[in-house]
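Heads up: the structure comes next, in structure tokens.
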Amino acid sequence: MLHRLSPAVMEINPAIVESSVVLAVVLCVHLAVWNQHSWCCIALFIQAFYVQHKWDRLLKSGGAVFQFRPSANSGIVPASMVLPLLGLALREKCSASGNVYFERFSMVMTITGMMLALFLSLIALGITRPLPTNTCVIAGIAASAIVYTTKQTLTVSEVIEVLEVLLIFVYLSLIVLYLLPRCFTPGEALLIVGGISFIVNQLIKRSLNLAEVKGDPVNYLLPVVVLGSLLLGMIFALLFCFMESETWVSSLFFHIMTAVLGLGILLPWLALFIGRHPIMWLIDFLTLNDKRLCLLGYWVFLAVGATCVVLQQNYQRQSGSKKHQASTVVRKYFHLIVVATYVPGLIYDRQLLHVASVGCLAVFLFLEYVRYFRIQPLGQLLRQLLTLFLDERDSGPLILTHIYLLMGMSLPVWLFPGPCAPKGVLPGAGGLVPYAGVLAVGIGDTMASVFGSTMGEIRWPGTKKTMEGTATSVFAQIIAVALFLIFDGNINLNSTYSWIVGSITLVAMLEAYTSQIDNLLLPLYLFILLLL
């Protein structure tokens with residue numbers, strides 16, 4: 001009997017299990033929030049589930065308009081739900097704290113995420129032949145419910161804001177997917193380009209209303225860095241279509257224009273938000289006390305250690321008789337280094353960690369531009385050093401794995417609803433919200449990969465991931481939570497242990513079955529669950 005059942009078990013579609021895990025998260029949020037928008041999230045999930053099947057067919061047949069990342073499904077379901085669920089969870093916390101401004105902001109985020117997902121669904125249905133009638137009906141019903149809810153809950157100015165983000169997303173998607181083929185799946189493009197579009201629109205909105213600008217200056221660093229990196233990449237991607245980028249003249253021009261953009265545009269722009277010169281503010285911020293200087297020194301030491309690992313692995317490749325490629329265990333060294341970087345920052349100085357992680361993002365993006373465009377004198381060297389650490393997800397012209405790792409660890413820190421946490425800490429499971437990246441990626445994903453690849457024998461049906469790896473991931477995260485309770489006195493779980501274990505288990509199952517960039521998805525879904 002078991003022998004007859006095994007072929008059926010092996011035919012389980014990983015995308016179905018992935019969608020089931022996402023549905024469980026959607027229902028958790030719905031039960032916690034229970035309003036019009038949470039019902040719309042259920043409708044959005046249903047239509048995304050049907051549309052994902054159409055996208056997967058288009059990718060297999062080669063009928064998609066752009067070249068997407070191979071060896072992965074479309075990822076529409078998990079990506080479509082991130083922004084709406086994130087907005088719902090943030091709104092619930094801001095409503096409880098009485099912060100009306102951020103409550104409305106979270107509502108706009110929810111509707112924006114729904115509209116972006118509907119737009120991507122519309123593209124899939126428009127290019128599918130023959131026209132899928134049933135899916136069109138389901139998508140039409142979901143869209144009608146979302147549009148009606150938008151009309152009932154948003155003001156005219158908020159609706160215009162949603163449309164602005166949608167417009168930016170349309171043009172930015174065309175540019176990014178054309179210039180960077182095979183770098184993203186449709187779901188990853190929705191998540192990354194949608195997030196960038198939302199950030200850019202918020203920055204423009206605040207720039208036009210400087211009188212209303214308020215809040216911590218730290219929160220304006222990320223939008224300025226994102227916009228600056230976007231402008232730099234787009235300008236030179238178009239410019240180097242007409243000139244050679246490897247020459248010293250082109251490289252000199254690249255460095256000069258980068259300095260002009262940074263010193264002449266971005267710093268004055270940032271000064272408008274901060275109210276003083278950004279460099280002087282940064283010096284005062286970094287030297288505020290001895291604890292910050294010690295943390296900075298410790299992080300520099302870890303950065304030197306990570307550089308030594310890269311150089312040592314490249315030396316092995318050069319001295320070996322055959323082509324050497326970094327193993328999964330070696331790549332996970334960097335996860336452990338990042339955990340050692342983030343945990344002290346989360347415990348002792350989260351503001352400093354926020355600023356340092358944004359600075360690292362700027363440096364990583366700049367170095368990736370230098371590598372991609374072969375800018376002298378480091379471009380070719382970076383190509384040689386980083387090629388060793390490529391995996392199957394780096395199938396396009398960009399190497400993004402290390403940037404995804406940094407973002408996955410940093411997103412819970414960047415997204416933490418500080419204005420909705422009067423004492424800087426959320427009660428219950430919310431106290432672990434800033435640690436979502438450390439738990440899901442730094443510890444969970446690392447343990448699952450290392451133990452699964454070395455000792456795992458029983459595989460989850462339909463995937464290469466092992467049950468031993470998933471079980472080790474859950475167990476390691478629970479131990480980490482216990483350690484955080486000991487060393488971080490601000491965390492008070494208030495008997496929410498079962499919710500925490502359930503959230504960790506759900507995200508571990510998502511890690512086992514998703515073919516998307518887990519460094520981005522896992523922290524965001526754990527962040528949403530812990531925020532409830």
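Each chain in the structure tokens gets a letter, A, B and so on, in the order shown; residues start at 1 in every chain, and ligands are counted from 1 in the order they appear.
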
Which polymer residues have any atom within 10 Å of an atom of A:Val17, counting only C-alpha atoms, with same-chain residues fewer than 5 positions away left out, as a compact mmCIF listing (two decimals) with N, CA, C and O atoms, in the first residue's frame?
```
# COMPACT_ATOMS: atom_id res chain seq x y z
N ILE A 12 3.10 15.92 -5.48
CA ILE A 12 2.57 17.13 -4.84
C ILE A 12 3.24 18.35 -5.46
O ILE A 12 4.47 18.41 -5.60
N VAL A 22 0.64 30.39 2.82
CA VAL A 22 0.27 31.81 2.72
C VAL A 22 -1.19 32.00 3.13
O VAL A 22 -1.53 32.97 3.83
N LEU A 23 -2.07 31.08 2.72
CA LEU A 23 -3.47 31.17 3.12
C LEU A 23 -3.62 31.11 4.64
O LEU A 23 -4.45 31.84 5.22
N PRO A 461 7.67 16.15 0.28
CA PRO A 461 7.17 15.75 -1.05
C PRO A 461 7.19 16.91 -2.04
O PRO A 461 6.72 18.01 -1.74
N GLY A 462 7.77 16.68 -3.19
CA GLY A 462 7.78 17.67 -4.25
C GLY A 462 8.87 18.71 -4.16
O GLY A 462 8.88 19.67 -4.94
N MET A 509 7.82 26.22 7.20
CA MET A 509 7.17 25.48 6.12
C MET A 509 7.22 26.27 4.81
O MET A 509 7.40 25.70 3.72
N LEU A 510 7.07 27.58 4.91
CA LEU A 510 7.18 28.41 3.71
C LEU A 510 8.59 28.31 3.13
O LEU A 510 8.75 28.25 1.90
N ALA A 512 10.52 25.79 3.29
CA ALA A 512 10.70 24.46 2.69
C ALA A 512 10.10 24.37 1.30
O ALA A 512 10.59 23.60 0.46
N TYR A 513 9.06 25.15 1.02
CA TYR A 513 8.33 24.96 -0.23
C TYR A 513 8.43 26.13 -1.23
O TYR A 513 8.04 25.97 -2.37
N THR A 514 8.91 27.27 -0.80
CA THR A 514 8.95 28.39 -1.74
C THR A 514 10.16 28.29 -2.65
O THR A 514 11.23 27.82 -2.25
```

Report task. Write out as a PyMOL selection string each polymer residue whose atoms come within 10 Å of A:Tyr525, counting only C-alpha atoms; drop sequence neighbours fewer than 5 positions from it. Result -> chain A and resi 22+25+78+81-82+85-86+436-437+440+503-504+506-507+510+520+530-531

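Closest to A:Gln376 among A:Met257, A:Val249, A:Leu83, A:Met109 is A:Val249, based on only C-alpha atoms.
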
Query raised in the report: Within 10 Å of A:Cys40, counting only C-alpha atoms, which residues qualify if same-chain residues fewer than 5 places away don't, as a VMD selection string?
Result: chain A and resid 30 35 45 to 46 84 110 to 111 114 142 to 149

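The spacing separating atom CA of A:Arg276 from atom CA of A:Pro434 amounts to 28.7 Å.
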
**Report entry** Residue contacts of stretch 282-284 of chain A (12 Å, only C-alpha atoms) excluding same-chain residues fewer than 3 positions away, as a count of residues only
**Finding:** 21

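Take the candidates A:His37, A:Ala96, A:Arg331, A:Thr341 and check each one against A:Ala303 using only C-alpha atoms; the shortest distance goes to A:Thr341.
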
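Shortest atom-to-atom contact with A:Val170 among A:Ala139, A:Leu190, A:Ile399, A:Val224: A:Leu190, counting only C-alpha atoms.
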
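Counting only C-alpha atoms, A:Glu103 has the following residues at most 10 Å away, ignoring those fewer than 6 positions along the same chain: A:Gly87, A:Leu88, A:Leu90, A:Arg91, A:Glu92, A:Lys93, A:Cys94, A:Ser95, A:Ala96, A:Ser97, A:Met109, A:Cys420.
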
Requested in this report: Using only C-alpha atoms, determine which residues lie at most 12 Å from A:Ser251, disregarding the query and same-chain residues fewer than 3 positions distant; provide the list as a count of residues only.
Outcome: 23

Query raised in the report: Near A:Phe68, within 10 Å and counting only C-alpha atoms, which residues show up once chain neighbours fewer than 4 positions away are dropped, as a count of residues only?
Result: 19

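Among the candidates A:Ala429, A:Met447, A:Leu483, A:Leu336, the residue lying nearest to A:Val501 is A:Ala429 (atoms considered: only C-alpha atoms).
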
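From atom CA of A:Val26 back to atom CA of A:Glu511, the distance works out to 16.7 Å.
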
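With only C-alpha atoms as the basis for measurement, A:Ser207 is the residue among A:Lys60, A:Gln477, A:Ser38, A:Ser207 that approaches A:Pro268 most closely.
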
Requested in this report: Write out as a ChimeraX atom specification all residues of stretch 107-305 of chain A that DSSP puts in helix (DSSP H, G or I) for this structure's backbone.
Outcome: /A:107-127,133-153,156-179,186-208,210-212,217-239,248-274,278-286,290-305

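A straight line drawn from atom CA of A:Lys151 to atom CA of A:Gln36 is 11.7 Å long.
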
Query raised in the report: Looking at only C-alpha atoms, which of A:Phe366, A:Leu493, A:His354, A:Gln384 is the one that sits closest to A:Leu426?
Result: A:Leu493
